[in-house]
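Written out below as structure tokens is the structure these notes cover.
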Amino acid sequence: EESLIVVAGEKDRGKHRLVCRIAEVNDEERVRGSQHTPWSISNKYYQADAFFKVTPLSLLGEVSPVPQAILVVFDASKEEFSAVKQELEENVFTSPWFDEVEVRMLIATATAGGSAPGSSRSGHATEDGGNGADDWLHQCRDWCLDHGFEYVALGPGQEG
């Protein structure tokens, strides 16, 4: 049985590039034009078939079947984190399948230029949020811990 991995976020946040990178697909237009992108995971410990589905964040709560993983991609900013958090809390956490999702990731990208806070290429404080501009990052990481999400910061070029 294939596992569903849903990649959700707003337009132009690097969702398709991320799928291409993970699934080792060189044709982003093929991913954009496909309902599902297959991915075979095979190493000495594990073998499985999965498929990616890319969707707008606003439709994440309506996804079917139950996803094995959700990857929420957002532009690394306080404003966009607030919007993503609100959408997840109001429309995804209430989905009957949400508690069954085994892998939950919140992926910050630097689509508007610069680096995602917390990425290795960022000039911002990365652990303690000591830089006043990064207070939201500390709040974001706390929120992720409280809701079972892993926070991942991708620097320029890392998502694609």
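By convention here, the chains of the structure tokens are called A, B, ... in the order presented, each chain's residues are numbered starting at 1, and ligands are numbered starting at 1 in the order presented.
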Using DSSP assignments from the backbone, pull out every residue in stretch 41-117 of chain A that falls under strand (DSSP E) and give it to me as a list in words. Ile41, Ser42, Gln47, Ala48, Asp49, Ala50, Phe51, Phe52, Lys53, Val54, Thr55, Pro56, Ala69, Ile70, Leu71, Val72, Val73, Phe74, Asp75, Val103, Arg104, Met105, Leu106, Ile107, Ala108 and Thr109 of chain A
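In terms of minimum interatomic distance to A:Val7, A:Thr37 ranks closest within A:Thr37, A:Gln139, A:Thr94, A:Ser77, counting only C-alpha atoms.
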What's the 10 Å shell around A:Pro96, counting only C-alpha atoms, without same-chain residues fewer than 5 positions away, as a ChimeraX atom specification? /A:61-62,66
Print the selection's residues with N, CA and C atoms to a file, as a PDB file, in the first residue's frame.
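Contents of the output file result.pdb:
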ATOM      1  N   GLY A  61      -7.136  20.402   4.993  1.00  0.00           N
ATOM      2  CA  GLY A  61      -8.079  19.723   5.873  1.00  0.00           C
ATOM      3  C   GLY A  61      -9.034  18.786   5.150  1.00  0.00           C
ATOM      4  N   GLU A  62      -9.122  18.893   3.820  1.00  0.00           N
ATOM      5  CA  GLU A  62     -10.035  18.075   3.031  1.00  0.00           C
ATOM      6  C   GLU A  62      -9.345  16.901   2.345  1.00  0.00           C
ATOM      7  N   VAL A  66      -6.201   9.335   4.385  1.00  0.00           N
ATOM      8  CA  VAL A  66      -5.419   9.858   5.504  1.00  0.00           C
ATOM      9  C   VAL A  66      -3.942   9.888   5.104  1.00  0.00           C
TER      10      VAL A  66
END
I'd like the contact shell of A:Arg13 - 10 Å cut-off, only C-alpha atoms, skipping same-chain residues fewer than 2 positions apart - returned as a list in words. Ala8, Gly9, Glu10, Lys11, Lys15, His16, Arg17, Leu18, Val72, Val73, Phe74, Asp75, Ala76, Ile107, Ala108, Thr109, Ala110, Thr111, Ala112 and Glu159 of chain A
